[in-house]
file entry.txt (compact mmCIF, C-alpha atoms)
# COMPACT_ATOMS: atom_id res chain seq x y z
CA MET D 1 -7.58 -11.91 4.64
CA ARG D 2 -9.97 -11.69 7.54
CA VAL D 3 -12.56 -8.97 7.87
CA ARG D 4 -13.79 -8.25 11.37
CA TRP D 5 -16.67 -6.04 12.43
CA MET D 6 -16.10 -3.68 15.31
CA ARG D 7 -18.47 -4.25 18.21
CA PHE D 8 -20.08 -1.27 19.92
CA ARG D 9 -22.60 -1.54 22.76
CA HIS D 10 -23.17 -5.24 22.10
CA GLU D 11 -24.00 -4.50 18.49
CA PHE D 12 -22.18 -4.37 15.18
CA PRO D 13 -23.40 -1.01 13.88
CA ALA D 14 -21.43 -0.92 10.66
CA ARG D 15 -22.72 -4.32 9.66
CA ARG D 16 -26.32 -3.50 10.62
CA PHE D 17 -26.12 -0.28 8.61
CA LEU D 18 -24.77 -1.99 5.51
CA GLU D 19 -27.37 -4.75 5.78
CA ARG D 20 -30.01 -2.06 5.26
CA HIS D 21 -28.31 -1.20 1.95
CA PRO D 22 -27.98 -4.55 0.13
CA TYR D 23 -26.56 -3.02 -3.05
CA ASP D 24 -23.83 -1.31 -1.10
CA PHE D 25 -23.21 -4.39 1.00
CA ALA D 26 -22.55 -6.46 -2.12
CA GLN D 27 -20.19 -3.74 -3.36
CA PHE D 28 -18.53 -3.71 0.05
CA LEU D 29 -17.86 -7.45 -0.21
CA GLN D 30 -16.28 -6.97 -3.61
CA ARG D 31 -14.02 -4.23 -2.22
CA CYS D 32 -12.99 -6.52 0.64
CA ARG D 33 -12.15 -9.23 -1.86
CA GLU D 34 -10.10 -6.75 -3.88
CA MET D 35 -8.29 -5.68 -0.75
CA ALA D 36 -7.54 -9.33 0.00
CA ARG D 37 -6.27 -10.05 -3.50
CA PHE D 38 -4.27 -6.92 -4.15
CA GLY D 39 -3.61 -5.40 -0.76
CA ARG D 40 -5.38 -2.18 -1.74
CA ILE D 41 -8.36 -0.76 -3.60
CA ARG D 42 -7.05 -0.28 -7.10
CA LEU D 43 -9.33 2.54 -8.17
CA GLU D 44 -8.98 5.72 -6.13
CA ASN D 45 -12.65 6.49 -6.67
CA ASN D 46 -13.69 3.19 -5.08
CA GLY D 47 -11.73 3.63 -1.91
CA HIS D 48 -8.53 4.94 -0.43
CA GLN D 49 -6.60 5.66 2.71
CA LEU D 50 -7.47 8.98 4.34
CA GLU D 51 -4.86 11.61 5.08
CA GLY D 52 -3.74 13.76 7.99
CA GLU D 53 -5.16 12.92 11.39
CA PHE D 54 -7.38 10.26 9.82
CA ARG D 55 -4.57 8.47 8.00
CA ASP D 56 -5.19 5.26 9.97
CA LEU D 57 -8.57 4.90 8.24
CA HIS D 58 -9.31 3.18 4.95
CA GLN D 59 -12.45 4.44 3.25
CA PHE D 60 -14.63 2.43 0.87
CA ASN D 61 -16.81 4.54 -1.42
CA LEU D 62 -20.01 2.65 -2.17
CA LYS D 63 -23.13 3.66 -4.08
CA VAL D 64 -24.96 5.64 -1.41
CA THR D 65 -22.81 4.93 1.61
CA ARG D 66 -19.21 4.97 2.77
CA SER D 67 -17.46 2.65 5.19
CA TRP D 68 -14.28 3.10 7.20
CA GLY D 69 -11.93 0.51 8.53
CA TYR D 70 -8.42 -0.19 9.65
CA LYS D 71 -6.13 -2.56 7.81
CA ASP D 72 -3.26 -4.40 9.38
CA ARG D 73 -1.59 -6.91 7.09
CA ASN D 74 -4.21 -9.61 6.57
CA THR D 75 -6.87 -8.32 8.95
CA TYR D 76 -9.33 -5.58 8.05
CA VAL D 77 -11.38 -4.17 10.92
CA VAL D 78 -14.62 -2.45 9.85
CA LEU D 79 -15.20 0.46 12.20
CA HIS D 80 -18.08 2.51 10.88
CA ALA D 81 -20.42 3.05 7.91
CA ALA D 82 -22.69 5.96 7.06
CA LYS D 83 -24.60 7.64 4.26
CA LYS D 84 -22.43 9.37 1.71
CA LYS D 85 -22.29 13.14 2.15
CA THR D 86 -20.81 15.60 -0.32
CA THR D 87 -19.59 17.78 2.55
CA GLY D 88 -19.42 17.32 6.28
CA GLN D 89 -18.29 13.70 6.40
CA GLU D 90 -15.72 14.54 9.08
CA PRO D 91 -17.95 13.57 12.06
CA ASP D 92 -18.05 10.06 10.59
CA TYR D 93 -14.26 10.01 10.32
CA ARG D 94 -14.12 11.00 13.98
CA THR D 95 -16.58 8.27 14.95
CA ALA D 96 -14.48 5.67 13.14
CA LEU D 97 -11.27 6.94 14.71
CA LYS D 98 -12.87 7.01 18.17
CA ARG D 99 -13.93 3.38 17.79
CA LEU D 100 -10.43 2.43 16.73
CA GLN D 101 -8.96 4.24 19.72
CA ASP D 102 -11.52 2.68 22.10
CA TYR D 103 -10.60 -0.71 20.72
CA LEU D 104 -6.95 -0.05 21.37
CA ASN D 105 -7.62 1.18 24.88
CA GLY D 106 -9.60 -1.90 25.90
CA PRO D 107 -13.24 -2.98 26.05
CA ALA D 108 -15.96 -0.40 26.49
CA ASP D 109 -17.59 -0.08 29.94
CA ASP D 110 -21.11 -0.59 28.63
CA MET U 1 -30.86 -26.19 -23.48
CA ASP U 2 -27.83 -28.26 -22.64
CA PRO U 3 -27.83 -28.71 -18.83
CA GLN U 4 -24.06 -28.21 -18.85
CA MET U 5 -24.62 -24.69 -20.16
CA THR U 6 -26.71 -23.65 -17.15
CA LYS U 7 -24.77 -25.55 -14.52
CA ASN U 8 -22.63 -22.71 -13.24
CA VAL U 9 -25.02 -19.80 -13.53
CA ILE U 10 -24.56 -17.50 -10.55
CA ARG U 11 -26.91 -14.56 -10.23
CA THR U 12 -28.04 -14.53 -6.64
CA VAL U 13 -26.69 -15.68 -3.30
CA ASP U 14 -28.89 -18.79 -3.63
CA ASP U 15 -26.75 -19.97 -6.55
CA LEU U 16 -23.64 -20.15 -4.36
CA PRO U 17 -22.71 -23.06 -2.09
CA SER U 18 -24.21 -22.42 1.36
CA ASP U 19 -20.76 -22.27 2.95
CA HIS U 20 -19.43 -19.72 0.46
CA TRP U 21 -18.08 -16.64 2.22
CA ILE U 22 -20.44 -14.33 0.33
CA ALA U 23 -23.44 -16.54 1.04
CA ARG U 24 -22.67 -16.31 4.74
CA GLN U 25 -22.84 -12.52 4.60
CA LEU U 26 -25.81 -11.66 2.42
CA PRO U 27 -29.45 -12.64 2.99
CA ALA U 28 -30.90 -15.42 0.83
CA GLY U 29 -32.09 -14.26 -2.56
CA THR U 30 -29.83 -11.19 -2.70
CA SER U 31 -28.80 -10.34 -6.24
CA LEU U 32 -25.07 -10.42 -6.95
CA ARG U 33 -25.42 -7.85 -9.71
CA PRO U 34 -23.70 -5.00 -7.78
CA TYR U 35 -20.87 -7.38 -6.90
CA ALA U 36 -20.45 -8.35 -10.55
CA GLU U 37 -20.65 -4.74 -11.77
CA ASP U 38 -18.09 -3.57 -9.28
CA GLU U 39 -15.75 -6.45 -10.03
CA ALA U 40 -15.92 -5.78 -13.78
CA ILE U 41 -15.31 -2.04 -13.44
CA SER U 42 -12.48 -2.56 -11.04
CA ALA U 43 -10.74 -5.38 -12.90
CA ILE U 44 -10.94 -3.84 -16.37
CA THR U 45 -10.06 -0.31 -15.31
CA ALA U 46 -7.13 -1.57 -13.25
CA ALA U 47 -5.92 -3.58 -16.25
CA VAL U 48 -5.98 -0.45 -18.41
CA GLN U 49 -4.18 1.51 -15.68
CA ASP U 50 -1.58 -1.23 -15.58
CA ALA U 51 -1.15 -1.22 -19.36
CA ILE U 52 -0.60 2.56 -19.36
CA LYS U 53 1.85 2.31 -16.49
CA ARG U 54 3.82 -0.41 -18.27
CA ALA U 55 3.92 1.73 -21.40
CA GLY U 56 5.57 4.45 -19.30
CA LEU U 57 2.94 7.04 -20.16
CA SER U 58 1.65 9.78 -17.91
CA ARG U 59 -2.03 10.75 -17.97
CA SER U 60 -1.11 13.98 -19.75
CA GLU U 61 0.67 12.01 -22.46
CA VAL U 62 -2.33 9.71 -22.87
CA ALA U 63 -4.57 12.77 -23.13
CA GLY U 64 -2.24 14.17 -25.79
CA LEU U 65 -2.36 10.96 -27.82
CA LEU U 66 -6.16 10.84 -27.61
CA GLY U 67 -6.66 14.54 -28.22
CA THR U 68 -8.57 14.98 -24.99
CA THR U 69 -7.99 16.46 -21.56
CA LYS U 70 -6.02 15.02 -18.67
CA SER U 71 -9.09 15.25 -16.42
CA TYR U 72 -11.09 13.10 -18.86
CA VAL U 73 -8.36 10.45 -18.78
CA SER U 74 -8.15 10.66 -15.00
CA GLN U 75 -11.90 10.26 -14.63
CA ALA U 76 -11.85 7.19 -16.86
CA LEU U 77 -8.91 5.66 -15.01
CA ASN U 78 -10.03 6.27 -11.45
CA GLY U 79 -13.44 4.73 -11.98
CA SER U 80 -15.45 7.91 -11.42
CA THR U 81 -17.10 7.71 -14.84
CA ASN U 82 -18.71 4.74 -16.52
CA MET U 83 -16.13 4.12 -19.23
CA THR U 84 -17.55 3.26 -22.64
CA LEU U 85 -16.15 0.42 -24.72
CA ARG U 86 -14.92 3.04 -27.18
CA THR U 87 -12.95 4.79 -24.44
CA LEU U 88 -11.59 1.44 -23.28
CA GLY U 89 -10.38 0.71 -26.80
CA ALA U 90 -8.84 4.17 -27.11
CA LEU U 91 -6.97 3.87 -23.84
CA LEU U 92 -5.64 0.44 -24.80
CA TRP U 93 -4.56 1.88 -28.16
CA ALA U 94 -2.74 4.70 -26.38
CA ALA U 95 -0.93 2.10 -24.27
CA GLY U 96 -0.03 0.19 -27.43
CA ARG U 97 -2.09 -2.82 -26.37
CA GLN U 98 -5.01 -4.78 -27.70
CA VAL U 99 -8.20 -5.92 -26.08
CA ARG U 100 -7.07 -9.55 -26.05
CA ASP U 101 -4.29 -8.53 -23.65
CA LEU U 102 -7.03 -8.14 -21.04
CA TRP U 103 -7.45 -11.91 -21.11
CA THR U 104 -3.91 -13.04 -21.68
CA GLU U 105 -2.33 -11.08 -18.84
CA PRO U 106 -3.24 -11.06 -15.16
CA LEU U 107 -5.70 -8.24 -14.61
CA GLY U 108 -3.91 -5.66 -12.53
CA ALA U 109 -1.95 -8.23 -10.52
CA THR U 110 1.06 -6.04 -9.93
CA PRO U 111 4.30 -7.51 -8.56
CA GLU U 112 4.01 -5.05 -5.68
CA ALA U 113 0.68 -6.49 -4.55
CA THR U 114 1.65 -10.11 -4.89
CA ALA U 115 4.95 -9.58 -3.07
CA GLU U 116 3.26 -7.90 -0.15
CA TYR U 117 0.35 -10.30 0.03
CA PRO U 118 1.46 -13.76 -1.07
CA ALA U 119 -1.23 -16.38 -1.40
CA ILE U 120 -4.00 -14.38 0.22
CA SER U 121 -7.40 -15.94 0.20
CA MET U 122 -10.65 -14.66 1.56
CA ARG U 123 -11.22 -17.32 4.18
CA ALA U 124 -14.06 -16.02 6.23
CA PHE U 125 -15.77 -12.98 7.54
CA GLN U 126 -15.75 -13.14 11.28
CA VAL U 127 -17.64 -11.07 13.75
CA HIS U 128 -15.37 -9.49 16.32
CA THR U 129 -16.44 -11.02 19.59
CA ALA U 130 -13.11 -11.39 21.32
CA ASN U 131 -12.82 -9.82 24.74
CA VAL U 132 -9.92 -7.59 24.04
CA PRO U 133 -7.90 -7.00 27.20
CA PRO U 134 -6.96 -3.44 28.06
CA LEU U 135 -3.75 -2.56 26.38
CA HIS U 136 -1.89 0.57 27.27
CA VAL U 137 1.18 0.81 25.20
CA GLY U 138 2.96 3.73 23.65
CA GLY U 139 3.94 4.26 20.07
CA SER U 140 1.92 5.15 17.04
CA THR U 141 -1.64 4.01 16.46
CA HIS U 142 -0.34 1.59 13.90
CA GLN U 143 2.07 0.01 16.40
CA ARG U 144 -0.67 -0.22 19.03
CA VAL U 145 -3.07 -1.87 16.61
CA ARG U 146 -0.37 -4.32 15.57
CA GLN U 147 0.34 -5.16 19.16
CA THR U 148 -3.34 -5.55 19.97
CA LEU U 149 -3.98 -7.81 17.03
CA THR U 150 -0.90 -9.93 17.53
CA THR U 151 -1.71 -10.27 21.22
CA THR U 152 -5.36 -11.14 20.83
CA LEU U 153 -5.34 -12.87 17.47
CA PRO U 154 -2.04 -14.73 17.27
CA SER U 155 -3.42 -17.52 15.13
CA TYR U 156 -4.18 -15.12 12.29
CA PHE U 157 -0.56 -14.20 11.99
CA ALA U 158 0.66 -17.76 11.97
CA ASN U 159 -0.44 -18.29 8.38
call {"tool": "encode", "arguments": {"input": "entry.txt", "output": "structure tokens"}}
result
Amino acid sequence: MRVRWMRFRHEFPARRFLERHPYDFAQFLQRCREMARFGRIRLENNGHQLEGEFRDLHQFNLKVTRSWGYKDRNTYVVLHAAKKKTTGQEPDYRTALKRLQDYLNGPADD
Amino acid sequence: MDPQMTKNVIRTVDDLPSDHWIARQLPAGTSLRPYAEDEAISAITAAVQDAIKRAGLSRSEVAGLLGTTKSYVSQALNGSTNMTLRTLGALLWAAGRQVRDLWTEPLGATPEATAEYPAISMRAFQVHTANVPPLHVGGSTHQRVRQTLTTTLPSYFAN
């Protein structure tokens, strides 16, 4: 499996964010490996596919953060990562979805 | 101490070969403890889930056998609580298995996963730097992503 970081304004924001949380980054790598080996995250609490309008997104639940990505066969595109919130995580879902849609519609103007 | 005994100790990124895919991602000196913890929780819990599934038991039935609640069983099996060794033993008992089965059977390697993803290996993390051409196609998001990836990354699908 290949994991690719989504670029945004000449940066890789999800990667930069996770690099500031080394514990979560190490967990993130383990989740990626699990995804590669088994095609999914085996424990629902560790990560899952979202539902409804966000069903294209795969969420990884880490210690203090969450990350969102899109999986297509053997490529996993990391779109966004943010601090874990008990409520009000939807803006982050929208950010991730927007990045996915921007990616599909071509390169950003900036 | 016998040098052979310490040869393969891996605790930090520095203990991995420099070209290892994890070593390429994490800064030097980073502890691999969270990676190891997560791997253990995931592998062992998935193995217990698999054992219960193979025994044909629902979570309610497991709860009945253990004299506990379904939510307790669910919490243990979805990884949201830190399962004790006693709970692990109880769940294996409910599934009619023994702890040695954790070593003698593939941990959670379900036929479904291996059929869908044959011979997957984590080759490399790559930063997305490709100049993706504009692509305006119809269909679902999934179809558009597929088309984008197969157009821009054909070599990845050749394997």
call {"tool": "atom_distance", "arguments": {"input": "entry.txt", "atom1": "CA of Leu88 in chain U", "atom2": "CA of Ala76 in chain U"}}
result
8.6 Å
call {"tool": "interface_residues", "arguments": {"input": "entry.txt", "of": "chain D", "to": "chain U", "cutoff": "7 Å", "atoms": "only C-alpha atoms", "output": "ChimeraX atom specification"}}
result
/D:1-7,23,26-27,30,33,36-39,42-45,72,104-107
call {"tool": "write_last_selection", "arguments": {"input": "entry.txt", "atoms": "C-alpha atoms", "output": "PDB file, keeping the file's coordinate frame"}}
result
ATOM      1  CA  MET D   1      -7.580 -11.910   4.640  1.00  0.00           C
ATOM      2  CA  ARG D   2      -9.970 -11.690   7.540  1.00  0.00           C
ATOM      3  CA  VAL D   3     -12.560  -8.970   7.870  1.00  0.00           C
ATOM      4  CA  ARG D   4     -13.790  -8.250  11.370  1.00  0.00           C
ATOM      5  CA  TRP D   5     -16.670  -6.040  12.430  1.00  0.00           C
ATOM      6  CA  MET D   6     -16.100  -3.680  15.310  1.00  0.00           C
ATOM      7  CA  ARG D   7     -18.470  -4.250  18.210  1.00  0.00           C
ATOM      8  CA  TYR D  23     -26.560  -3.020  -3.050  1.00  0.00           C
ATOM      9  CA  ALA D  26     -22.550  -6.460  -2.120  1.00  0.00           C
ATOM     10  CA  GLN D  27     -20.190  -3.740  -3.360  1.00  0.00           C
ATOM     11  CA  GLN D  30     -16.280  -6.970  -3.610  1.00  0.00           C
ATOM     12  CA  ARG D  33     -12.150  -9.230  -1.860  1.00  0.00           C
ATOM     13  CA  ALA D  36      -7.540  -9.330   0.000  1.00  0.00           C
ATOM     14  CA  ARG D  37      -6.270 -10.050  -3.500  1.00  0.00           C
ATOM     15  CA  PHE D  38      -4.270  -6.920  -4.150  1.00  0.00           C
ATOM     16  CA  GLY D  39      -3.610  -5.400  -0.760  1.00  0.00           C
ATOM     17  CA  ARG D  42      -7.050  -0.280  -7.100  1.00  0.00           C
ATOM     18  CA  LEU D  43      -9.330   2.540  -8.170  1.00  0.00           C
ATOM     19  CA  GLU D  44      -8.980   5.720  -6.130  1.00  0.00           C
ATOM     20  CA  ASN D  45     -12.650   6.490  -6.670  1.00  0.00           C
ATOM     21  CA  ASP D  72      -3.260  -4.400   9.380  1.00  0.00           C
ATOM     22  CA  LEU D 104      -6.950  -0.050  21.370  1.00  0.00           C
ATOM     23  CA  ASN D 105      -7.620   1.180  24.880  1.00  0.00           C
ATOM     24  CA  GLY D 106      -9.600  -1.900  25.900  1.00  0.00           C
ATOM     25  CA  PRO D 107     -13.240  -2.980  26.050  1.00  0.00           C
TER      26      PRO D 107
END
call {"tool": "atom_distance", "arguments": {"input": "entry.txt", "atom1": "CA of Thr68 in chain U", "atom2": "CA of Gly47 in chain D"}}
result
25.9 Å
call {"tool": "atom_distance", "arguments": {"input": "entry.txt", "atom1": "CA of Gly56 in chain U", "atom2": "CA of Leu92 in chain U"}}
result
13.1 Å
